[in-house]
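Dropping my_file-v1.cif in here (mmCIF, C-alpha atoms):
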```cif
data_query
loop_
_atom_site.group_PDB
_atom_site.id
_atom_site.type_symbol
_atom_site.label_atom_id
_atom_site.label_comp_id
_atom_site.auth_asym_id
_atom_site.auth_seq_id
_atom_site.Cartn_x
_atom_site.Cartn_y
_atom_site.Cartn_z
ATOM 1 C CA MET U 28 -308.552 137.950 52.249
ATOM 2 C CA LEU U 29 -311.574 136.638 50.371
ATOM 3 C CA ILE U 30 -311.188 139.316 47.700
ATOM 4 C CA PHE U 31 -307.482 138.422 47.329
ATOM 5 C CA LEU U 32 -308.357 134.735 46.794
ATOM 6 C CA MET U 33 -311.050 135.697 44.306
ATOM 7 C CA TYR U 34 -308.559 137.752 42.247
ATOM 8 C CA MET U 35 -305.932 135.018 42.456
ATOM 9 C CA PHE U 36 -308.371 132.382 41.148
ATOM 10 C CA ALA U 37 -309.486 134.758 38.383
ATOM 11 C CA ILE U 38 -305.871 135.276 37.290
ATOM 12 C CA VAL U 39 -305.094 131.536 37.398
ATOM 13 C CA GLY U 40 -308.296 130.802 35.457
ATOM 14 C CA GLY U 41 -307.396 133.419 32.838
ATOM 15 C CA VAL U 42 -303.912 131.954 32.432
ATOM 16 C CA LEU U 43 -305.370 128.449 32.009
ATOM 17 C CA ILE U 44 -307.870 129.633 29.408
ATOM 18 C CA LEU U 45 -305.133 131.511 27.532
ATOM 19 C CA SER U 46 -302.923 128.393 27.592
ATOM 20 C CA ALA U 47 -305.759 126.274 26.196
ATOM 21 C CA VAL U 48 -306.344 128.797 23.386
ATOM 22 C CA ILE U 49 -302.623 128.805 22.483
ATOM 23 C CA LEU U 50 -302.514 124.989 22.366
ATOM 24 C CA GLU U 51 -305.607 124.891 20.166
ATOM 25 C CA LEU U 52 -304.111 127.450 17.771
ATOM 26 C CA LYS U 53 -300.950 125.341 17.478
ATOM 27 C CA LYS U 54 -303.075 122.304 16.590
ATOM 28 C CA LEU U 55 -304.976 124.312 13.988
ATOM 29 C CA SER U 56 -301.781 125.646 12.407
ATOM 30 C CA THR U 57 -300.416 122.089 12.012
ATOM 31 C CA SER U 58 -303.592 120.858 10.384
ATOM 32 C CA SER U 59 -303.729 123.969 8.220
ATOM 33 C CA GLU U 60 -300.261 123.142 6.802
ATOM 34 C CA LEU U 61 -301.557 119.740 5.802
ATOM 35 C CA SER U 62 -304.705 121.232 4.289
ATOM 36 C CA LYS U 63 -302.578 123.769 2.352
ATOM 37 C CA LEU U 64 -300.587 120.907 0.827
ATOM 38 C CA LEU U 65 -303.715 118.900 0.033
ATOM 39 C CA ASN U 66 -305.354 121.934 -1.589
ATOM 40 C CA ALA U 67 -302.249 122.598 -3.685
ATOM 41 C CA THR U 68 -302.267 119.048 -5.084
ATOM 42 C CA SER U 69 -306.038 118.901 -5.528
ATOM 43 C CA SER U 70 -305.809 121.708 -8.085
ATOM 44 C CA PHE U 71 -304.512 119.151 -10.626
ATOM 45 C CA ASN U 72 -307.886 117.354 -10.730
ATOM 46 C CA ILE U 73 -306.172 113.969 -10.605
ATOM 47 C CA ILE U 74 -307.011 111.193 -8.185
ATOM 48 C CA PHE U 75 -303.784 110.132 -6.513
ATOM 49 C CA THR U 76 -303.564 106.480 -5.515
ATOM 50 C CA LYS U 77 -300.831 106.943 -2.890
ATOM 51 C CA THR U 78 -299.872 109.891 -0.732
ATOM 52 C CA PHE U 79 -296.792 110.291 1.446
ATOM 53 C CA ILE U 80 -296.389 113.073 4.021
ATOM 54 C CA PRO U 81 -293.265 113.364 6.189
ATOM 55 C CA PRO U 82 -293.801 113.851 9.930
ATOM 56 C CA ASN U 83 -292.940 117.576 9.765
ATOM 57 C CA GLN U 84 -295.629 118.074 7.067
ATOM 58 C CA SER U 85 -293.295 120.208 4.940
ATOM 59 C CA HIS U 86 -293.896 118.185 1.770
ATOM 60 C CA LEU U 87 -296.466 115.954 0.168
ATOM 61 C CA ILE U 88 -295.687 113.312 -2.450
ATOM 62 C CA ALA U 89 -298.751 112.088 -4.325
ATOM 63 C CA LEU U 90 -298.630 109.299 -6.894
ATOM 64 C CA ASN U 91 -301.010 108.318 -9.667
ATOM 65 C CA GLU U 92 -299.631 105.070 -11.032
ATOM 66 C CA PRO U 93 -302.187 104.439 -13.813
ATOM 67 C CA TYR U 94 -301.466 107.829 -15.457
ATOM 68 C CA LYS U 95 -297.793 107.813 -14.421
ATOM 69 C CA LYS U 96 -297.962 111.166 -12.643
ATOM 70 C CA ILE U 97 -296.327 112.430 -9.473
ATOM 71 C CA ALA U 98 -297.169 115.621 -7.604
ATOM 72 C CA ILE U 99 -294.773 117.096 -5.084
ATOM 73 C CA GLY U 100 -296.107 119.787 -2.793
ATOM 74 C CA THR U 101 -293.973 122.010 -0.581
ATOM 75 C CA SER U 102 -294.942 124.179 2.333
ATOM 76 C CA ASN U 103 -292.948 126.052 4.926
ATOM 77 C CA PRO U 104 -294.779 126.013 8.277
ATOM 78 C CA LYS U 105 -292.598 128.887 9.530
ATOM 79 C CA THR U 106 -293.976 131.311 6.940
ATOM 80 C CA SER U 107 -297.471 132.182 5.845
ATOM 81 C CA LYS U 108 -296.640 131.603 2.177
ATOM 82 C CA LYS U 109 -299.029 129.551 0.116
ATOM 83 C CA ALA U 110 -298.145 125.895 -0.399
ATOM 84 C CA ILE U 111 -297.110 125.053 -3.938
ATOM 85 C CA ALA U 112 -297.281 121.795 -5.838
ATOM 86 C CA LYS U 113 -295.718 120.684 -9.091
ATOM 87 C CA LEU U 114 -297.017 117.909 -11.305
ATOM 88 C CA TYR U 115 -294.535 115.704 -13.130
ATOM 89 C CA SER U 116 -294.601 112.688 -15.379
ATOM 90 C CA PHE U 117 -292.757 109.607 -14.141
ATOM 91 C CA ASP U 118 -290.340 110.236 -17.014
ATOM 92 C CA ASN U 119 -289.178 113.393 -15.196
ATOM 93 C CA VAL U 120 -287.908 111.385 -12.220
ATOM 94 C CA MET U 121 -284.138 111.076 -12.676
ATOM 95 C CA GLY U 122 -283.353 109.303 -9.412
ATOM 96 C CA SER U 123 -283.551 109.255 -5.651
ATOM 97 C CA GLU U 124 -281.220 108.917 -2.704
ATOM 98 C CA ILE U 125 -281.589 108.062 0.988
ATOM 99 C CA VAL U 126 -279.306 110.112 3.240
ATOM 100 C CA VAL U 127 -278.888 109.302 6.938
ATOM 101 C CA ASN U 128 -276.561 111.466 9.045
ATOM 102 C CA ALA U 129 -274.940 112.925 5.887
ATOM 103 C CA LEU U 130 -274.172 109.461 4.482
ATOM 104 C CA THR U 131 -275.805 108.073 1.345
ATOM 105 C CA LEU U 132 -277.293 104.670 2.154
ATOM 106 C CA SER U 133 -278.911 103.958 -1.187
ATOM 107 C CA LYS U 134 -279.006 105.760 -4.516
ATOM 108 C CA VAL U 135 -280.592 105.110 -7.892
ATOM 109 C CA SER U 136 -280.259 107.303 -10.983
ATOM 110 C CA LYS U 137 -281.026 107.457 -14.670
ATOM 111 C CA ARG U 138 -278.152 108.272 -17.040
ATOM 112 C CA GLN U 139 -277.949 109.049 -20.744
ATOM 113 C CA GLN U 140 -275.682 106.611 -22.565
ATOM 114 C CA ASN U 141 -275.446 106.248 -26.340
ATOM 115 C CA SER U 142 -278.591 108.307 -26.904
ATOM 116 C CA LYS U 143 -280.796 105.918 -24.943
ATOM 117 C CA THR U 144 -281.805 106.013 -21.317
ATOM 118 C CA THR U 145 -280.612 103.233 -19.072
ATOM 119 C CA ALA U 146 -281.041 102.815 -15.379
ATOM 120 C CA SER U 147 -278.041 102.413 -13.172
ATOM 121 C CA SER U 148 -278.494 101.745 -9.512
ATOM 122 C CA ALA U 149 -276.138 101.262 -6.672
ATOM 123 C CA ASP U 150 -276.791 100.410 -3.085
ATOM 124 C CA ILE U 151 -274.100 102.196 -1.185
ATOM 125 C CA HIS U 152 -273.773 100.889 2.328
ATOM 126 C CA VAL U 153 -271.192 103.228 3.749
ATOM 127 C CA LEU U 154 -271.936 102.539 7.373
ATOM 128 C CA ASN U 155 -269.447 100.286 9.015
ATOM 129 C CA SER U 156 -270.377 98.195 12.016
ATOM 130 C CA ALA U 157 -269.345 100.927 14.450
ATOM 131 C CA ASP U 158 -271.562 103.488 12.709
ATOM 132 C CA GLU U 159 -274.508 101.106 12.656
ATOM 133 C CA GLU U 160 -274.342 101.038 16.429
ATOM 134 C CA ALA U 161 -274.743 104.826 16.567
ATOM 135 C CA ASP U 162 -278.003 105.579 18.282
ATOM 136 C CA VAL U 163 -278.540 109.245 17.454
ATOM 137 C CA ILE U 164 -280.032 110.104 14.072
ATOM 138 C CA GLU U 165 -279.760 113.761 13.137
ATOM 139 C CA GLU U 166 -280.770 113.464 9.475
ATOM 140 C CA LEU U 167 -283.112 111.265 7.475
ATOM 141 C CA THR U 168 -283.556 112.785 4.038
ATOM 142 C CA LEU U 169 -284.978 111.523 0.777
ATOM 143 C CA LYS U 170 -283.569 113.371 -2.211
ATOM 144 C CA ILE U 171 -285.615 113.205 -5.385
ATOM 145 C CA TYR U 172 -283.820 114.254 -8.575
ATOM 146 C CA MET U 173 -286.088 115.679 -11.267
ATOM 147 C CA ASN U 174 -285.581 116.601 -14.899
ATOM 148 C CA SER U 175 -286.657 120.185 -14.221
ATOM 149 C CA ASN U 176 -284.905 123.526 -14.482
ATOM 150 C CA GLU U 177 -287.168 125.072 -11.863
ATOM 151 C CA ILE U 178 -286.674 122.520 -9.067
ATOM 152 C CA PRO U 179 -284.039 119.921 -9.995
ATOM 153 C CA VAL U 180 -283.760 118.375 -6.503
ATOM 154 C CA TYR U 181 -286.257 117.948 -3.681
ATOM 155 C CA SER U 182 -284.610 117.306 -0.305
ATOM 156 C CA ILE U 183 -287.334 116.035 1.986
ATOM 157 C CA SER U 184 -286.581 115.493 5.656
ATOM 158 C CA PHE U 185 -288.456 112.585 7.205
ATOM 159 C CA LEU U 186 -287.182 113.103 10.742
ATOM 160 C CA PRO U 187 -290.122 113.206 13.135
ATOM 161 C CA GLY U 188 -289.510 116.524 14.860
ATOM 162 C CA LEU U 189 -286.668 118.969 14.975
ATOM 163 C CA LEU U 190 -284.445 117.260 17.525
ATOM 164 C CA PRO U 191 -282.168 114.287 16.923
ATOM 165 C CA ILE U 192 -283.942 110.990 17.446
ATOM 166 C CA GLN U 193 -282.840 107.587 18.657
ATOM 167 C CA GLN U 194 -282.406 104.878 16.041
ATOM 168 C CA SER U 195 -284.453 102.502 18.201
ATOM 169 C CA ASP U 196 -287.383 104.961 18.421
ATOM 170 C CA LYS U 197 -290.646 103.732 16.899
ATOM 171 C CA GLN U 198 -291.188 107.070 15.103
ATOM 172 C CA PHE U 199 -287.795 106.769 13.414
ATOM 173 C CA LYS U 200 -288.497 103.206 12.314
ATOM 174 C CA GLU U 201 -291.838 104.268 10.794
ATOM 175 C CA ALA U 202 -290.250 107.247 9.009
ATOM 176 C CA TYR U 203 -287.378 105.119 7.702
ATOM 177 C CA SER U 204 -289.833 102.505 6.450
ATOM 178 C CA GLN U 205 -291.725 105.228 4.565
ATOM 179 C CA VAL U 206 -288.472 106.518 3.020
ATOM 180 C CA GLN U 207 -287.493 103.001 1.933
ATOM 181 C CA GLN U 208 -290.919 102.448 0.391
ATOM 182 C CA LEU U 209 -290.683 105.681 -1.612
ATOM 183 C CA HIS U 210 -287.107 104.952 -2.673
ATOM 184 C CA ALA U 211 -288.122 101.479 -3.887
ATOM 185 C CA PHE U 212 -290.925 103.081 -5.883
ATOM 186 C CA PHE U 213 -288.517 105.556 -7.495
ATOM 187 C CA ARG U 214 -286.122 102.704 -8.217
ATOM 188 C CA SER U 215 -288.887 100.953 -10.179
ATOM 189 C CA ILE U 216 -289.719 104.163 -12.079
ATOM 190 C CA VAL U 217 -286.074 104.756 -13.022
ATOM 191 C CA SER U 218 -285.619 101.121 -14.076
ATOM 192 C CA GLU U 219 -288.509 101.243 -16.590
#
```

Output the file's structure as structure tokens, nothing else.
Amino acid sequence: MLIFLMYMFAIVGGVLILSAVILELKKLSTSSELSKLLNATSSFNIIFTKTFIPPNQSHLIALNEPYKKIAIGTSNPKTSKKAIAKLYSFDNVMGSEIVVNALTLSKVSKRQQNSKTTASSADIHVLNSADEEADVIEELTLKIYMNSNEIPVYSISFLPGLLPIQQSDKQFKEAYSQVQQLHAFFRSIVSE
């Protein structure tokens, strides 16, 4: 009986140690995604004054306002591919859009008219009062439109986690605040 208990405790101890190792590896992989993005943007040798990272750490948006530069880094945590980052001038930003549950809440864009660039912006509030009461948020995306043949649109999800989230959730409010802050910044760039 004593030998049976000894083996049982050894097995339980092994399972607990294995569980702890798996949890630690998950933590390391999350931080490694962030470090991949930071390394990709650090290759530009520019000091960025502001940095935005969505909760899923799939992208990094770094701004250098004095030199009017923006770096956008992308990483896919599901693959082992290297994170990439592109450096753009503010002049390459053509617009941005906030999308919540497949509805555009706010959009700003730059258009060519009579051979000069003008900014046109529209706040599109398509949610009626019934939709505003909807609690479940399945999408919170910031779309950044760039003057680039390689990557003309960045669609960056700011939802904290993979599952739908409640509109009243603190994480959603923080993510939405971050999206609004970025969108306001892009609005000022486009309006210049």

**Atomic distance CA of Ala112 (chain U) - CA of Ile192 (chain U), expressed in Å with one decimal** =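 According to the coordinates, CA of Ala112 (chain U) and CA of Ile192 (chain U) are separated by 28.9 Å.
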
**Prompt:** Using only C-alpha atoms, which of the listed residues (U:Asn66, U:Ile111, U:Asn174, U:Leu90) sits closest to Ser136 (chain U)?
**Reply:**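 Selected residue with least distance to Ser136 (chain U): U:Asn174.
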
**Message:** Given the PyMOL selection byres ((chain U and resi 69) around 12) and the file above, list the residues it selects as a list in words.
**Reply:**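 Applied to this file, the PyMOL selection byres ((chain U and resi 69) around 12) selects Ser62, Lys63, Leu64, Leu65, Asn66, Ala67, Thr68, Ser70, Phe71, Asn72, Ile73, Ile74, Phe75, Thr78, Leu87, Ala89, Ala98, Ile99, Gly100, Ala110, Ile111, Ala112, Lys113 and Leu114 of chain U.
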
Draw an axis-aligned box over all listed atoms of region 79-98 of chain U, pad each side with 6 Å, and write its centre and edge lengths in Å, one decimal, as lines of an AutoDock Vina configuration file.
```
center_x = -297.6
center_y = 112.3
center_z = -2.8
size_x = 21.2
size_y = 27.8
size_z = 37.4
```

**Prompt:** Which residue, U:Asp196, U:Glu177, U:Asp118, U:Glu166, has the smallest gap to Thr131 (chain U) when you use only C-alpha atoms?
**Reply:**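 Of U:Asp196, U:Glu177, U:Asp118, U:Glu166, the one nearest Thr131 (chain U), counting only C-alpha atoms, is U:Glu166.
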
**Fill in**
One residue among U:Gln194, U:Gln207, U:Asn176, U:Thr101 is nearest to Ile164 (chain U) when using only C-alpha atoms, and that residue is U:Gln194

**Asked** For Lys96 (chain U), which residue among U:Met28, U:Ile216, U:Ile125, U:Val180 is the nearest when counting all atoms listed in the file?
**Response** U:Ile216

**Spatial sel., origin (-289.2, 100.4, -8.2), limit 12 Å, all atoms listed in the file, listed as a ChimeraX atom specification** = /U:92,117,120,122-123,135-136,146,148,207-219

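Picture a line from CA of Phe199 (chain U) to CA of Val127 (chain U); it runs 11.3 Å.
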
**Asked** Do you have the CA of Met173 (chain U)-CA of Ser116 (chain U) distance handy?
**Response** 9.9 Å

**Test item: residues at most 10 Å from Ser195 (chain U), all atoms listed in the file, excluding those fewer than 5 positions along its chain, as a count of residues only** = 4

**Message:** Report as a list in words all protein, DNA and RNA residues lying within 12 Å of Pro82 (chain U), evaluated on all atoms listed in the file, omitting residues in the same chain fewer than 2 positions from it.
**Reply:** Thr57, Glu60, Leu61, Phe79, Ile80, Gln84, Ser85, His86, Leu87, Leu167, Thr168, Ile183, Ser184, Phe185, Leu186, Pro187, Gly188, Leu189, Gln198, Phe199, Glu201, Ala202, Tyr203, Gln205 and Val206 of chain U
